[in-house]
$ cat my_file22.tsv   # TSV, N, CA and C atoms
chain	number	residue	atom	x	y	z
M	69	MET	N	0.45	19.18	1.71
M	69	MET	CA	-0.57	18.37	2.36
M	69	MET	C	-1.49	17.72	1.33
M	70	SER	N	-1.68	18.38	0.20
M	70	SER	CA	-2.57	17.81	-0.82
M	70	SER	C	-1.99	16.52	-1.40
M	71	LYS	N	-0.66	16.41	-1.43
M	71	LYS	CA	-0.04	15.19	-1.93
M	71	LYS	C	-0.31	14.02	-0.99
M	72	VAL	N	-0.24	14.26	0.31
M	72	VAL	CA	-0.50	13.21	1.29
M	72	VAL	C	-1.95	12.73	1.17
M	73	VAL	N	-2.88	13.67	1.04
M	73	VAL	CA	-4.29	13.32	0.89
M	73	VAL	C	-4.49	12.55	-0.42
M	74	GLY	N	-3.85	12.99	-1.50
M	74	GLY	CA	-3.94	12.30	-2.78
M	74	GLY	C	-3.40	10.88	-2.71
M	75	ILE	N	-2.30	10.70	-1.99
M	75	ILE	CA	-1.72	9.36	-1.83
M	75	ILE	C	-2.67	8.46	-1.05
M	76	LEU	N	-3.19	8.97	0.06
M	76	LEU	CA	-4.08	8.15	0.89
M	76	LEU	C	-5.39	7.81	0.19
M	77	LYS	N	-5.88	8.71	-0.65
M	77	LYS	CA	-7.12	8.45	-1.38
M	77	LYS	C	-6.88	7.69	-2.68
M	78	GLY	N	-5.62	7.56	-3.10
M	78	GLY	CA	-5.30	6.85	-4.33
M	78	GLY	C	-5.67	7.62	-5.57
M	79	LYS	N	-5.44	8.92	-5.56
M	79	LYS	CA	-5.78	9.77	-6.70
M	79	LYS	C	-4.58	10.00	-7.60
M	80	CYS	N	-4.85	10.38	-8.82
M	80	CYS	CA	-3.81	10.66	-9.83
M	80	CYS	C	-2.91	11.80	-9.34
M	81	PRO	N	-1.59	11.66	-9.47
M	81	PRO	CA	-0.70	12.73	-9.02
M	81	PRO	C	-0.75	13.98	-9.91
M	82	ASN	N	-1.24	13.83	-11.11
M	82	ASN	CA	-1.28	14.95	-12.04
M	82	ASN	C	-2.50	15.84	-11.83
M	83	CYS	N	-3.69	15.24	-11.83
M	83	CYS	CA	-4.93	16.03	-11.73
M	83	CYS	C	-5.60	15.93	-10.37
M	84	LYS	N	-5.22	14.98	-9.56
M	84	LYS	CA	-5.77	14.75	-8.21
M	84	LYS	C	-7.26	14.39	-8.24
M	85	LYS	N	-7.78	13.98	-9.41
M	85	LYS	CA	-9.20	13.64	-9.52
M	85	LYS	C	-9.42	12.17	-9.89
M	86	GLY	N	-8.67	11.68	-10.85
M	86	GLY	CA	-8.84	10.30	-11.30
M	86	GLY	C	-8.28	9.31	-10.29
M	87	ASP	N	-8.83	8.10	-10.29
M	87	ASP	CA	-8.37	7.05	-9.39
M	87	ASP	C	-7.23	6.27	-10.01
M	88	VAL	N	-6.23	5.94	-9.19
M	88	VAL	CA	-5.12	5.11	-9.64
M	88	VAL	C	-5.58	3.66	-9.76
M	89	PHE	N	-6.42	3.22	-8.82
M	89	PHE	CA	-6.86	1.83	-8.81
M	89	PHE	C	-8.33	1.72	-9.19
M	90	GLU	N	-8.61	0.74	-10.04
M	90	GLU	CA	-9.97	0.45	-10.47
M	90	GLU	C	-10.74	-0.26	-9.35
M	91	THR	N	-10.10	-1.25	-8.72
M	91	THR	CA	-10.70	-1.97	-7.59
M	91	THR	C	-9.73	-1.95	-6.42
M	92	LYS	N	-10.27	-2.03	-5.22
M	92	LYS	CA	-9.44	-2.00	-4.03
M	92	LYS	C	-8.88	-3.37	-3.67
M	93	GLY	N	-9.50	-4.42	-4.13
M	93	GLY	CA	-9.06	-5.77	-3.79
M	93	GLY	C	-9.60	-6.18	-2.43
M	94	ASN	N	-9.52	-7.47	-2.15
M	94	ASN	CA	-9.99	-8.01	-0.88
M	94	ASN	C	-9.15	-9.23	-0.55
M	95	ILE	N	-8.37	-9.14	0.51
M	95	ILE	CA	-7.47	-10.23	0.85
M	95	ILE	C	-8.22	-11.49	1.26
M	96	PHE	N	-9.41	-11.32	1.84
M	96	PHE	CA	-10.18	-12.48	2.28
M	96	PHE	C	-10.80	-13.25	1.12
M	97	LEU	N	-11.04	-12.56	0.00
M	97	LEU	CA	-11.55	-13.21	-1.21
M	97	LEU	C	-10.42	-13.51	-2.19
M	98	LEU	N	-9.18	-13.31	-1.75
M	98	LEU	CA	-7.98	-13.54	-2.55
M	98	LEU	C	-7.99	-12.73	-3.85
M	99	ARG	N	-8.40	-11.47	-3.76
M	99	ARG	CA	-8.40	-10.57	-4.92
M	99	ARG	C	-7.43	-9.44	-4.67
M	100	MET	N	-6.49	-9.30	-5.57
M	100	MET	CA	-5.53	-8.19	-5.49
M	100	MET	C	-6.15	-6.95	-6.13
M	101	PRO	N	-5.72	-5.77	-5.73
M	101	PRO	CA	-6.24	-4.54	-6.34
M	101	PRO	C	-5.90	-4.49	-7.83
M	102	LYS	N	-6.83	-3.97	-8.62
M	102	LYS	CA	-6.61	-3.83	-10.06
M	102	LYS	C	-6.33	-2.36	-10.35
M	103	MET	N	-5.23	-2.13	-11.03
M	103	MET	CA	-4.77	-0.78	-11.30
M	103	MET	C	-5.18	-0.33	-12.69
M	104	ASN	N	-5.58	0.94	-12.80
M	104	ASN	CA	-5.85	1.52	-14.12
M	104	ASN	C	-4.54	1.76	-14.85
M	105	GLU	N	-4.56	1.59	-16.18
M	105	GLU	CA	-3.36	1.88	-16.97
M	105	GLU	C	-3.12	3.38	-17.06
M	106	ARG	N	-4.21	4.12	-17.22
M	106	ARG	CA	-4.14	5.57	-17.37
M	106	ARG	C	-5.20	6.23	-16.50
M	107	CYS	N	-4.97	7.49	-16.19
M	107	CYS	CA	-5.96	8.27	-15.46
M	107	CYS	C	-7.14	8.53	-16.39
M	108	LYS	N	-8.33	8.29	-15.90
M	108	LYS	CA	-9.52	8.50	-16.74
M	108	LYS	C	-9.82	9.99	-16.94
M	109	THR	N	-9.25	10.85	-16.10
M	109	THR	CA	-9.51	12.29	-16.20
M	109	THR	C	-8.48	13.00	-17.09
M	110	CYS	N	-7.18	12.80	-16.82
M	110	CYS	CA	-6.15	13.56	-17.56
M	110	CYS	C	-5.30	12.68	-18.48
M	111	ASN	N	-5.57	11.38	-18.53
M	111	ASN	CA	-4.89	10.42	-19.41
M	111	ASN	C	-3.41	10.21	-19.07
M	112	LEU	N	-2.99	10.48	-17.83
M	112	LEU	CA	-1.61	10.23	-17.41
M	112	LEU	C	-1.37	8.73	-17.34
M	113	LYS	N	-0.29	8.28	-17.96
M	113	LYS	CA	0.07	6.86	-17.91
M	113	LYS	C	0.78	6.61	-16.58
M	114	PHE	N	0.26	5.66	-15.77
M	114	PHE	CA	0.81	5.42	-14.44
M	114	PHE	C	2.12	4.63	-14.47
M	115	GLU	N	2.19	3.61	-15.33
M	115	GLU	CA	3.43	2.81	-15.41
M	115	GLU	C	4.31	3.43	-16.49
M	116	LYS	N	5.33	4.14	-16.06
M	116	LYS	CA	6.19	4.89	-16.98
M	116	LYS	C	6.96	3.98	-17.94
M	117	GLU	N	7.41	2.84	-17.43
M	117	GLU	CA	8.16	1.88	-18.24
M	117	GLU	C	7.99	0.49	-17.63
M	118	THR	N	8.41	-0.52	-18.35
M	118	THR	CA	8.32	-1.88	-17.85
M	118	THR	C	9.18	-2.01	-16.59
M	119	GLY	N	8.61	-2.58	-15.55
M	119	GLY	CA	9.34	-2.74	-14.29
M	119	GLY	C	9.34	-1.50	-13.42
M	120	PHE	N	8.51	-0.51	-13.77
M	120	PHE	CA	8.48	0.75	-13.02
M	120	PHE	C	8.15	0.52	-11.55
M	121	PHE	N	7.27	-0.42	-11.27
M	121	PHE	CA	6.81	-0.62	-9.89
M	121	PHE	C	7.69	-1.57	-9.09
M	122	PHE	N	8.84	-1.93	-9.62
M	122	PHE	CA	9.78	-2.75	-8.86
M	122	PHE	C	10.19	-2.05	-7.56
M	123	GLY	N	10.40	-0.76	-7.62
M	123	GLY	CA	10.79	0.01	-6.45
M	123	GLY	C	9.68	0.11	-5.41
M	124	ALA	N	8.44	-0.05	-5.85
M	124	ALA	CA	7.31	0.01	-4.92
M	124	ALA	C	7.35	-1.17	-3.94
M	125	MET	N	8.05	-2.23	-4.31
M	125	MET	CA	8.21	-3.36	-3.38
M	125	MET	C	8.98	-2.94	-2.14
M	126	PHE	N	9.96	-2.09	-2.32
M	126	PHE	CA	10.74	-1.62	-1.17
M	126	PHE	C	9.91	-0.71	-0.28
M	127	VAL	N	9.06	0.10	-0.90
M	127	VAL	CA	8.15	0.96	-0.13
M	127	VAL	C	7.18	0.09	0.65
M	128	SER	N	6.65	-0.95	0.02
M	128	SER	CA	5.73	-1.87	0.68
M	128	SER	C	6.41	-2.58	1.84
M	129	TYR	N	7.65	-2.97	1.63
M	129	TYR	CA	8.42	-3.62	2.70
M	129	TYR	C	8.59	-2.69	3.89
M	130	ALA	N	8.91	-1.43	3.62
M	130	ALA	CA	9.09	-0.44	4.70
M	130	ALA	C	7.78	-0.22	5.46
M	131	LEU	N	6.66	-0.16	4.74
M	131	LEU	CA	5.36	-0.01	5.40
M	131	LEU	C	5.06	-1.21	6.31
M	132	ALA	N	5.31	-2.41	5.79
M	132	ALA	CA	5.04	-3.62	6.57
M	132	ALA	C	5.92	-3.68	7.81
M	133	VAL	N	7.19	-3.33	7.68
M	133	VAL	CA	8.10	-3.34	8.83
M	133	VAL	C	7.64	-2.33	9.89
M	134	ALA	N	7.23	-1.14	9.44
M	134	ALA	CA	6.75	-0.13	10.38
M	134	ALA	C	5.50	-0.61	11.13
M	135	GLU	N	4.59	-1.26	10.40
M	135	GLU	CA	3.39	-1.81	11.04
M	135	GLU	C	3.75	-2.90	12.04
M	136	MET	N	4.70	-3.74	11.68
M	136	MET	CA	5.10	-4.84	12.57
M	136	MET	C	5.79	-4.31	13.83
M	137	ILE	N	6.65	-3.33	13.68
M	137	ILE	CA	7.32	-2.75	14.85
M	137	ILE	C	6.31	-2.07	15.76
M	138	ALA	N	5.37	-1.33	15.18
M	138	ALA	CA	4.33	-0.68	15.98
M	138	ALA	C	3.48	-1.72	16.72
M	139	SER	N	3.15	-2.81	16.05
M	139	SER	CA	2.38	-3.89	16.68
M	139	SER	C	3.18	-4.55	17.80
M	140	LEU	N	4.46	-4.76	17.56
M	140	LEU	CA	5.32	-5.36	18.57
M	140	LEU	C	5.37	-4.49	19.83
M	141	ILE	N	5.56	-3.20	19.64
M	141	ILE	CA	5.61	-2.29	20.80
M	141	ILE	C	4.27	-2.27	21.52
M	142	LEU	N	3.19	-2.21	20.77
M	142	LEU	CA	1.86	-2.14	21.38
M	142	LEU	C	1.51	-3.41	22.15
M	143	PHE	N	1.66	-4.56	21.51
M	143	PHE	CA	1.18	-5.79	22.12
M	143	PHE	C	2.16	-6.45	23.08
M	144	TRP	N	3.45	-6.29	22.85
M	144	TRP	CA	4.42	-6.96	23.72
M	144	TRP	C	4.86	-6.07	24.87
M	145	LEU	N	5.26	-4.86	24.53
M	145	LEU	CA	5.79	-3.98	25.57
M	145	LEU	C	4.68	-3.30	26.39
M	146	LEU	N	3.63	-2.83	25.75
M	146	LEU	CA	2.59	-2.11	26.47
M	146	LEU	C	1.52	-3.02	27.06
M	147	MET	N	1.14	-4.07	26.34
M	147	MET	CA	0.09	-4.96	26.82
M	147	MET	C	0.64	-6.21	27.51
M	148	ASP	N	1.95	-6.42	27.38
M	148	ASP	CA	2.65	-7.52	28.04
M	148	ASP	C	2.08	-8.90	27.70
M	149	LEU	N	1.81	-9.12	26.39
M	149	LEU	CA	1.35	-10.44	25.93
M	149	LEU	C	2.56	-11.33	25.69
M	150	SER	N	2.33	-12.62	25.63
M	150	SER	CA	3.43	-13.56	25.41
M	150	SER	C	3.97	-13.42	23.98
M	151	PRO	N	5.23	-13.75	23.77
M	151	PRO	CA	5.84	-13.62	22.44
M	151	PRO	C	5.10	-14.41	21.35
M	152	LEU	N	4.60	-15.59	21.68
M	152	LEU	CA	3.89	-16.40	20.69
M	152	LEU	C	2.59	-15.71	20.25
M	153	ILE	N	1.86	-15.18	21.19
M	153	ILE	CA	0.61	-14.49	20.86
M	153	ILE	C	0.91	-13.23	20.04
M	154	VAL	N	1.96	-12.52	20.41
M	154	VAL	CA	2.35	-11.32	19.66
M	154	VAL	C	2.74	-11.70	18.23
M	155	PHE	N	3.45	-12.79	18.06
M	155	PHE	CA	3.84	-13.26	16.73
M	155	PHE	C	2.60	-13.55	15.89
M	156	VAL	N	1.62	-14.22	16.46
M	156	VAL	CA	0.39	-14.55	15.73
M	156	VAL	C	-0.36	-13.26	15.36
M	157	ILE	N	-0.45	-12.33	16.29
M	157	ILE	CA	-1.14	-11.07	16.02
M	157	ILE	C	-0.44	-10.30	14.90
M	158	ILE	N	0.88	-10.23	14.95
M	158	ILE	CA	1.63	-9.52	13.91
M	158	ILE	C	1.45	-10.19	12.55
M	159	THR	N	1.43	-11.51	12.52
M	159	THR	CA	1.23	-12.24	11.27
M	159	THR	C	-0.15	-11.95	10.69
M	160	VAL	N	-1.16	-11.94	11.53
M	160	VAL	CA	-2.52	-11.64	11.07
M	160	VAL	C	-2.61	-10.20	10.57
M	161	ILE	N	-2.02	-9.27	11.29
M	161	ILE	CA	-2.03	-7.87	10.86
M	161	ILE	C	-1.32	-7.71	9.52
M	162	ALA	N	-0.19	-8.37	9.34
M	162	ALA	CA	0.54	-8.30	8.06
M	162	ALA	C	-0.30	-8.86	6.92
M	163	PHE	N	-1.03	-9.93	7.18
M	163	PHE	CA	-1.89	-10.54	6.16
M	163	PHE	C	-3.05	-9.61	5.80
M	164	ILE	N	-3.68	-9.04	6.80
M	164	ILE	CA	-4.84	-8.18	6.58
M	164	ILE	C	-4.46	-6.88	5.86
M	165	THR	N	-3.32	-6.30	6.19
M	165	THR	CA	-2.93	-5.02	5.59
M	165	THR	C	-2.18	-5.16	4.25
M	166	SER	N	-2.03	-6.36	3.76
M	166	SER	CA	-1.24	-6.56	2.53
M	166	SER	C	-1.82	-5.84	1.32
M	167	THR	N	-3.13	-5.90	1.10
M	167	THR	CA	-3.69	-5.21	-0.07
M	167	THR	C	-3.63	-3.69	0.11
M	168	PHE	N	-3.82	-3.23	1.34
M	168	PHE	CA	-3.70	-1.79	1.61
M	168	PHE	C	-2.26	-1.33	1.34
M	169	ASN	N	-1.29	-2.10	1.80
M	169	ASN	CA	0.12	-1.76	1.58
M	169	ASN	C	0.46	-1.78	0.08
M	170	PHE	N	-0.11	-2.72	-0.65
M	170	PHE	CA	0.11	-2.82	-2.09
M	170	PHE	C	-0.34	-1.54	-2.77
M	171	ARG	N	-1.57	-1.11	-2.48
M	171	ARG	CA	-2.12	0.11	-3.09
M	171	ARG	C	-1.33	1.34	-2.66
M	172	LEU	N	-1.06	1.44	-1.37
M	172	LEU	CA	-0.38	2.62	-0.84
M	172	LEU	C	1.05	2.73	-1.39
M	173	SER	N	1.77	1.62	-1.46
M	173	SER	CA	3.15	1.68	-1.93
M	173	SER	C	3.23	2.06	-3.41
M	174	ARG	N	2.32	1.54	-4.22
M	174	ARG	CA	2.32	1.92	-5.64
M	174	ARG	C	1.95	3.38	-5.83
M	175	THR	N	0.99	3.85	-5.03
M	175	THR	CA	0.60	5.26	-5.14
M	175	THR	C	1.74	6.17	-4.70
M	176	ILE	N	2.42	5.81	-3.62
M	176	ILE	CA	3.58	6.60	-3.18
M	176	ILE	C	4.64	6.62	-4.27
M	177	TRP	N	4.89	5.47	-4.88
M	177	TRP	CA	5.91	5.37	-5.93
M	177	TRP	C	5.55	6.25	-7.13
M	178	ILE	N	4.27	6.27	-7.52
M	178	ILE	CA	3.82	7.12	-8.63
M	178	ILE	C	4.04	8.60	-8.28
M	179	TYR	N	3.70	8.96	-7.06
M	179	TYR	CA	3.86	10.36	-6.64
M	179	TYR	C	5.33	10.77	-6.58
M	180	LEU	N	6.22	9.84	-6.25
M	180	LEU	CA	7.65	10.17	-6.19
M	180	LEU	C	8.22	10.53	-7.57
M	181	PHE	N	7.69	9.90	-8.61
M	181	PHE	CA	8.27	10.07	-9.95
M	181	PHE	C	7.36	10.80	-10.92
M	182	ASN	N	6.46	11.60	-10.40
M	182	ASN	CA	5.62	12.39	-11.32
M	182	ASN	C	6.01	13.85	-11.23
$ encode --input "my_file22.tsv" --output "structure tokens"
Amino acid sequence: MSKVVGILKGKCPNCKKGDVFETKGNIFLLRMPKMNERCKTCNLKFEKETGFFFGAMFVSYALAVAEMIASLILFWLLMDLSPLIVFVIITVIAFITSTFNFRLSRTIWIYLFN
């Protein structure tokens, strides 16, 4: 359970104290999250090698698909909205959660290989 909490809080997988990300980013201000190179507490290097976070794209894709399917079920099947309105809602949700998915997918990827 501590790993799940560490992933959600964006903490270092080694010491569980240092932050993986320096800034959280803001999609509305067009700022992506800025990642620390190393943990400020235990000095763990987050990017093991060049291209290490390539696999995090697949994790991010899976998160986005899960969010879209959940939104589809909620708004189309349960609330019975029109397909066009559901499409717009899903697009907005995907846009808003993009920085969160970016941070979460990279943190999950770090935890998988530490």
$ closest_residue --input "my_file22.tsv" --among "M:Ser70, M:Asn104, M:Asn111, M:Ser128" --to "Trp177 in chain M" --atoms "only C-alpha atoms"
M:Ser128
$ atom_distance --input "my_file22.tsv" --atom1 "CA of Phe155 in chain M" --atom2 "CA of Ile137 in chain M"
11.2 Å
$ atom_distance --input "my_file22.tsv" --atom1 "CA of Asn169 in chain M" --atom2 "atom N of Leu131 in chain M"
7.4 Å
$ atom_distance --input "my_file22.tsv" --atom1 "atom C of Pro101 in chain M" --atom2 "CA of Val154 in chain M"
29.5 Å
$ residues_around --input "my_file22.tsv" --residues "Lys85 in chain M" --least-positions-apart "2" --cutoff "8 Å" --atoms "only N, CA and C atoms" --output "PyMOL selection string"
chain M and resi 74+78-83+87-88+107-110
$ select_by_dssp --input "my_file22.tsv" --residues "chain M" --states "strand (DSSP E)" --output "MDAnalysis selection string"
chainID M and resid 89:91 102:103
$ closest_residue --input "my_file22.tsv" --among "M:Phe122, M:Phe114, M:Tyr129, M:Tyr179" --to "Lys71 in chain M" --atoms "only C-alpha atoms"
M:Tyr179
$ select_by_dssp --input "my_file22.tsv" --residues "chain M" --states "helix (DSSP H, G or I)" --output "VMD selection string"
chain M and resid 70 to 77 95 to 97 120 to 122 124 to 146 151 to 164 166 to 180
$ closest_residue --input "my_file22.tsv" --among "M:Val133, M:Phe126, M:Ile95, M:Leu145" --to "Ser173 in chain M" --atoms "all atoms listed in the file"
M:Phe126
$ residues_around --input "my_file22.tsv" --residues "Phe170 in chain M" --least-positions-apart "3" --cutoff "12 Å" --atoms "only C-alpha atoms" --output "PyMOL selection string"
chain M and resi 78+89+92-95+99-103+121-132+162-167+173-177
$ axis_aligned_box --input "my_file22.tsv" --around "range 171-178 of chain M" --padding-each-side "3 Å" --output "lines of an AutoDock Vina configuration file"
center_x = 1.9
center_y = 3.7
center_z = -4.7
size_x = 14.0
size_y = 15.7
size_z = 13.8
